[in-house]
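**Student:** The following file, data27.txt, comprises compact mmCIF, C-alpha atoms:
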```
# COMPACT_ATOMS: atom_id res chain seq x y z
CA MET A 13 20.99 -13.14 6.89
CA ASN A 14 17.44 -13.95 7.92
CA LEU A 15 15.34 -10.81 7.75
CA ASN A 16 12.51 -12.54 9.61
CA ASN A 17 14.49 -11.83 12.79
CA LEU A 18 13.71 -8.15 12.28
CA LYS A 19 9.94 -8.67 12.03
CA SER A 20 9.28 -8.35 15.75
CA GLY A 21 11.40 -5.20 15.82
CA TRP A 22 9.28 -3.64 13.06
CA GLN A 23 6.02 -4.47 14.85
CA GLN A 24 7.35 -2.80 18.01
CA TYR A 25 8.67 0.16 16.03
CA LYS A 26 5.18 0.83 14.63
CA VAL A 27 3.76 1.03 18.15
CA MET A 28 6.59 3.19 19.53
CA SER A 29 6.02 6.12 17.18
CA SER A 30 7.35 9.47 18.32
CA LEU A 31 4.77 11.49 16.36
CA SER A 32 1.72 12.60 18.31
CA ASP A 33 -1.65 11.21 17.30
CA ILE A 34 -3.31 13.16 14.53
CA GLN A 35 -6.56 14.86 15.48
CA GLU A 36 -9.73 15.11 13.39
CA GLU A 37 -9.34 18.92 13.06
CA GLU A 38 -5.83 18.51 11.67
CA ILE A 39 -6.98 16.02 9.02
CA LEU A 40 -9.87 18.30 8.08
CA SER A 41 -7.59 21.33 7.73
CA ILE A 42 -5.25 19.32 5.44
CA ILE A 43 -7.98 18.03 3.14
CA GLU A 44 -10.00 21.25 3.11
CA SER A 45 -7.05 23.42 2.17
CA ASN A 46 -6.43 21.19 -0.85
CA PRO A 47 -9.30 22.02 -3.30
CA SER A 48 -8.58 25.75 -3.36
CA LYS A 49 -4.90 25.17 -4.10
CA LEU A 50 -5.79 22.66 -6.79
CA SER A 51 -8.37 24.85 -8.51
CA GLY A 52 -5.96 27.81 -8.45
CA LEU A 53 -3.30 25.66 -10.04
CA LEU A 54 -5.72 24.38 -12.67
CA SER A 55 -7.00 27.82 -13.67
CA SER A 56 -3.47 29.20 -14.04
CA LYS A 57 -2.53 26.18 -16.21
CA ILE A 58 -5.62 26.71 -18.40
CA THR A 59 -4.81 30.41 -18.83
CA GLN A 60 -1.21 29.61 -19.69
CA ASN A 61 -2.21 26.98 -22.26
CA THR A 62 -4.85 29.26 -23.81
CA LEU A 63 -2.27 32.02 -24.28
CA ILE A 64 0.21 29.62 -25.91
CA TYR A 65 -2.53 28.25 -28.18
CA ALA A 66 -3.63 31.77 -29.16
CA PHE A 67 -0.04 32.76 -29.91
CA LEU A 68 0.53 29.66 -32.07
CA LEU A 69 -2.76 30.28 -33.91
CA PHE A 70 -1.74 33.88 -34.51
CA CYS A 71 1.69 32.82 -35.88
CA SER A 72 0.27 30.08 -38.10
CA ASN A 73 -2.13 32.59 -39.68
CA GLY A 74 0.74 34.83 -40.75
CA GLY A 75 0.98 37.06 -37.69
CA CYS A 76 0.83 40.83 -38.29
CA VAL A 77 1.98 40.60 -41.94
CA GLY A 78 -0.59 41.75 -44.47
CA MET B 1 -16.87 15.08 -1.95
CA ASN B 2 -19.71 14.95 0.58
CA GLN B 3 -19.52 15.07 4.35
CA PRO B 4 -19.94 11.30 5.09
CA SER B 5 -16.93 10.56 2.83
CA LYS B 6 -14.85 13.03 4.81
CA LYS B 7 -15.90 11.32 8.01
CA GLU B 8 -15.02 7.91 6.56
CA PHE B 9 -11.66 9.24 5.42
CA ILE B 10 -10.87 10.75 8.83
CA LYS B 11 -11.74 7.45 10.51
CA LEU B 12 -9.52 5.59 8.05
CA ILE B 13 -6.56 7.91 8.72
CA GLN B 14 -7.03 7.62 12.46
CA ASP B 15 -7.21 3.83 12.21
CA TYR B 16 -4.01 3.63 10.18
CA GLN B 17 -2.05 6.55 11.62
CA ARG B 18 0.53 4.30 13.30
CA LEU B 19 1.48 2.92 9.91
CA ILE B 20 1.82 6.44 8.44
CA ASN B 21 3.71 7.70 11.51
CA SER B 22 6.16 4.80 11.46
CA LEU B 23 7.00 5.45 7.80
CA CYS B 24 7.56 9.16 8.51
CA ASN B 25 9.75 8.24 11.50
CA ILE B 26 11.91 5.81 9.63
CA TYR B 27 12.51 8.12 6.64
CA PHE B 28 12.96 11.48 8.37
CA SER B 29 15.00 12.52 11.38
CA SER B 30 13.50 15.87 12.31
CA GLU B 31 10.08 16.27 13.87
CA GLU B 32 9.25 19.04 11.39
CA ASP B 33 10.03 16.87 8.36
CA ARG B 34 7.98 14.05 9.81
CA LYS B 35 4.96 16.26 10.36
CA ASP B 36 5.29 17.83 6.88
CA THR B 37 5.53 14.40 5.30
CA ARG B 38 2.55 13.13 7.25
CA GLN B 39 0.53 16.06 5.89
CA ASP B 40 1.71 15.32 2.34
CA ILE B 41 0.75 11.66 2.70
CA ILE B 42 -2.72 12.51 4.04
CA LEU B 43 -3.23 14.95 1.17
CA GLN B 44 -2.18 12.36 -1.43
CA LEU B 45 -4.41 9.75 0.21
CA TRP B 46 -7.32 12.20 0.10
CA ARG B 47 -6.72 12.87 -3.61
CA ALA B 48 -6.53 9.14 -4.32
CA TYR B 49 -9.46 8.27 -2.04
CA PRO B 50 -12.26 8.64 -4.68
CA ASN B 51 -10.50 6.00 -6.81
CA PHE B 52 -9.94 3.55 -3.97
CA ARG B 53 -12.37 0.71 -4.54
CA ASN B 54 -11.26 -1.80 -1.91
CA GLU B 55 -9.67 -3.98 -4.59
CA SER B 56 -6.62 -4.20 -2.37
CA LYS B 57 -6.31 -4.12 1.42
CA VAL B 58 -6.55 -0.63 2.95
CA SER B 59 -3.07 -1.04 4.43
CA THR B 60 -1.62 -1.98 1.01
CA TRP B 61 -3.20 1.10 -0.55
CA ILE B 62 -1.85 3.30 2.26
CA TYR B 63 1.65 1.80 1.93
CA LYS B 64 1.58 2.39 -1.81
CA VAL B 65 0.50 6.05 -1.62
CA ALA B 66 2.65 6.82 1.43
CA LEU B 67 5.85 5.26 0.08
CA HIS B 68 5.46 6.94 -3.32
CA THR B 69 4.89 10.28 -1.58
CA ILE B 70 8.00 9.81 0.57
CA LEU B 71 10.17 8.57 -2.32
CA SER B 72 9.20 11.44 -4.61
CA LYS B 73 9.66 13.97 -1.79
CA ASN B 74 13.14 12.60 -1.10
CA LYS B 75 13.96 12.60 -4.79
CA LYS B 76 12.94 16.24 -5.08
CA GLU B 77 14.88 17.29 -2.03
CA LYS B 78 17.83 15.08 -3.00
CA ARG B 79 18.17 13.76 0.50
CA ARG B 80 20.14 10.55 0.33
CA VAL B 81 21.12 8.28 3.13
CA PRO B 82 24.60 6.74 2.76
CA THR B 83 24.42 3.25 1.30
CA GLU B 84 27.86 1.86 0.70
CA SER B 85 30.32 3.22 3.19
CA PHE B 86 29.26 3.35 6.77
CA SER B 87 31.11 3.48 10.05
CA TYR B 88 30.59 3.59 13.76
CA SER B 89 29.50 7.22 13.56
CA ASP B 90 26.84 6.30 10.96
CA LEU B 91 25.48 3.67 13.28
CA SER B 92 25.26 5.98 16.23
CA ASN B 93 23.87 8.98 14.32
CA VAL B 94 21.05 7.40 12.39
CA ALA B 95 17.67 9.09 12.06
CA GLY B 96 14.92 8.55 14.54
CA PRO B 97 14.50 8.29 18.24
CA VAL B 98 16.64 5.83 20.15
CA PHE B 99 14.64 3.01 21.67
CA ALA B 100 15.78 0.92 24.57
CA ASP B 101 14.61 -2.33 23.02
CA ASP B 102 17.43 -4.17 21.22
CA ALA B 103 15.29 -5.57 18.42
CA VAL B 104 13.86 -2.15 17.59
CA GLN B 105 17.21 -0.43 17.86
CA HIS B 106 18.90 -2.95 15.57
CA LEU B 107 16.13 -2.67 13.03
CA GLN B 108 16.13 1.10 13.11
CA GLN B 109 19.89 1.41 12.77
CA ALA B 110 20.09 -1.13 9.98
CA ILE B 111 17.16 0.19 7.96
CA ASN B 112 18.29 3.79 8.26
CA LEU B 113 21.54 2.99 6.49
CA LEU B 114 19.79 1.64 3.43
CA HIS B 115 18.93 3.49 0.24
CA ASN B 116 15.37 4.91 0.12
CA ILE B 117 13.92 2.24 -2.18
CA ASP B 118 15.76 -0.59 -0.39
CA LYS B 119 14.33 0.72 2.85
CA ALA B 120 10.82 0.49 1.38
CA ILE B 121 11.50 -3.07 0.20
CA VAL B 122 12.62 -4.17 3.68
CA ILE B 123 9.63 -2.50 5.35
CA LEU B 124 7.19 -4.18 2.95
CA TYR B 125 8.95 -7.51 3.42
CA LEU B 126 8.68 -7.17 7.20
CA GLU B 127 4.97 -6.46 6.71
CA GLY B 128 4.68 -9.87 5.06
CA TYR B 129 4.36 -8.87 1.39
CA SER B 130 5.73 -11.22 -1.29
CA HIS B 131 8.26 -10.07 -3.91
CA ARG B 132 5.46 -9.86 -6.46
CA GLU B 133 3.31 -7.70 -4.18
CA ILE B 134 6.27 -5.45 -3.33
CA ALA B 135 6.96 -5.07 -7.05
CA GLY B 136 3.34 -4.03 -7.57
CA ILE B 137 3.39 -1.50 -4.74
CA LEU B 138 6.69 0.11 -5.76
CA HIS B 139 6.08 -0.10 -9.53
CA LEU B 140 9.20 -2.21 -10.08
CA THR B 141 9.66 -5.62 -11.69
CA GLU B 142 9.73 -8.79 -9.61
CA THR B 143 13.25 -9.52 -10.88
CA ASN B 144 14.39 -6.09 -9.77
CA ILE B 145 12.96 -6.71 -6.29
CA SER B 146 14.69 -10.11 -6.04
CA THR B 147 18.04 -8.64 -7.12
CA ARG B 148 17.77 -5.72 -4.73
CA PHE B 149 16.65 -8.03 -1.95
CA SER B 150 19.76 -10.22 -2.24
CA ARG B 151 21.91 -7.07 -2.16
CA ILE B 152 20.04 -5.74 0.87
CA LYS B 153 20.66 -9.00 2.77
CA VAL B 154 24.40 -8.74 2.13
CA GLN B 155 24.39 -5.09 3.15
CA LEU B 156 22.47 -5.76 6.36
CA GLN B 157 24.81 -8.62 7.15
CA ARG B 158 27.74 -6.20 6.87
CA ILE B 159 25.98 -3.67 9.09
CA PHE B 160 25.27 -6.26 11.78
CA LYS B 161 28.83 -7.60 11.61
CA ILE B 162 30.16 -4.09 12.23
CA LYS B 163 27.70 -3.71 15.11
CA GLN B 164 28.77 -7.03 16.63
CA TYR B 165 32.45 -6.11 16.25
CA GLU B 166 31.87 -2.70 17.86
CA SER B 167 29.97 -4.15 20.79
CA GLN B 168 32.81 -6.56 21.66
```
Rewrite the structure of this file - the entire thing - as structure tokens.
**Tutor:**
Amino acid sequence: MNLNNLKSGWQQYKVMSSLSDIQEEEILSIIESNPSKLSGLLSSKITQNTLIYAFLLFCSNGGCVG
Amino acid sequence: MNQPSKKEFIKLIQDYQRLINSLCNIYFSSEEDRKDTRQDIILQLWRAYPNFRNESKVSTWIYKVALHTILSKNKKEKRRVPTESFSYSDLSNVAGPVFADDAVQHLQQAINLLHNIDKAIVILYLEGYSHREIAGILHLTETNISTRFSRIKVQLQRIFKIKQYESQ
């Protein structure tokens, strides 16, 4: 089977896309909504890790005993 | 990132949107999935954009990010296209719009019956990438690509034989 026979089909397929062209506003809304999500995710991860670290530190120092 | 970079990025996406659209079309059947995936790809490209240093062609970079986004999305959602057993109904119900052109229709029907990674290999091959380059883009070994490629050829041969038989 020679796959080269499908090359012209692929070139045509790329041109015949059914999705509408993406507008500048749409790209901007995608990339501008990203940083807030990312920073929210990061801060919750930091909080979570700090709590785990504090708990481990507390346990390794003997906890409430004494 | 500053405003000129955003402008550059928007221009880049608009210049290469046909490539992104065609990947979304070939991997997803519903318009909603295609649009969602296009958004995911643009977001991943934006995140990777600061590290893009023109060491590879822009299209290679876009293929790499886009295909990894699609493959991981499909993995998460466990959407699998049948690979081994296929029939007339598979051939007539494949994803994507039906085009009048024979070459496009054959390609679309054949590719849509392949496994996700095999589909990516065929697309990259049709774009003119070597086995080594495909291996680099998909993070696989060259041997793995060669093995899969031989299997894909056999599989496509079977698909086209069925098509020929059905059209008689």
**Student:** Quick one: which residues from chain B are at most 8 Å off chain A, using all atoms listed in the file, as an MDAnalysis selection string?
**Tutor:** chainID B and resid 6 10 14 17:19 21:22 25 31 34:35 39 42:43 46 97 103:107 123 126:127 153:154 156:157
**Student:** How far is it from CA of Leu138 (chain B) to CA of Leu114 (chain B), in Å with one decimal?
**Tutor:** 16.1 Å
**Student:** Could you tell me how far CA of Ala135 (chain B) lies from CA of Lys64 (chain B), in Å and to one decimal?
**Tutor:**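 Computed distance, CA of Ala135 (chain B) to CA of Lys64 (chain B), equals 10.6 Å.
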**Student:** Counting only C-alpha atoms, figure out which residue out of B:Ser130, B:Gln155, B:Thr143, B:Gln108 gets nearest to Ser29 (chain B).
**Tutor:** B:Gln108
**Student:** Suppose you want the space between CA of Ser146 (chain B) and CA of Lys76 (chain B); what is it in Å?
**Tutor:**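 Answer for the CA of Ser146 (chain B) to CA of Lys76 (chain B) separation: 26.4 Å.
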**Student:** Nearest residue to Leu45 (chain B) out of B:Lys73, B:Ile159, B:Leu12, B:Glu32, using all atoms listed in the file?
**Tutor:**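 Among the listed residues, B:Leu12 lies closest to Leu45 (chain B).
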**Student:** Between B:Gly128, B:Ala120, B:Leu113, B:Ile13, which is the closest to Phe149 (chain B) once you count all atoms listed in the file?
**Tutor:**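 Closest to Phe149 (chain B), using all atoms listed in the file: B:Ala120.
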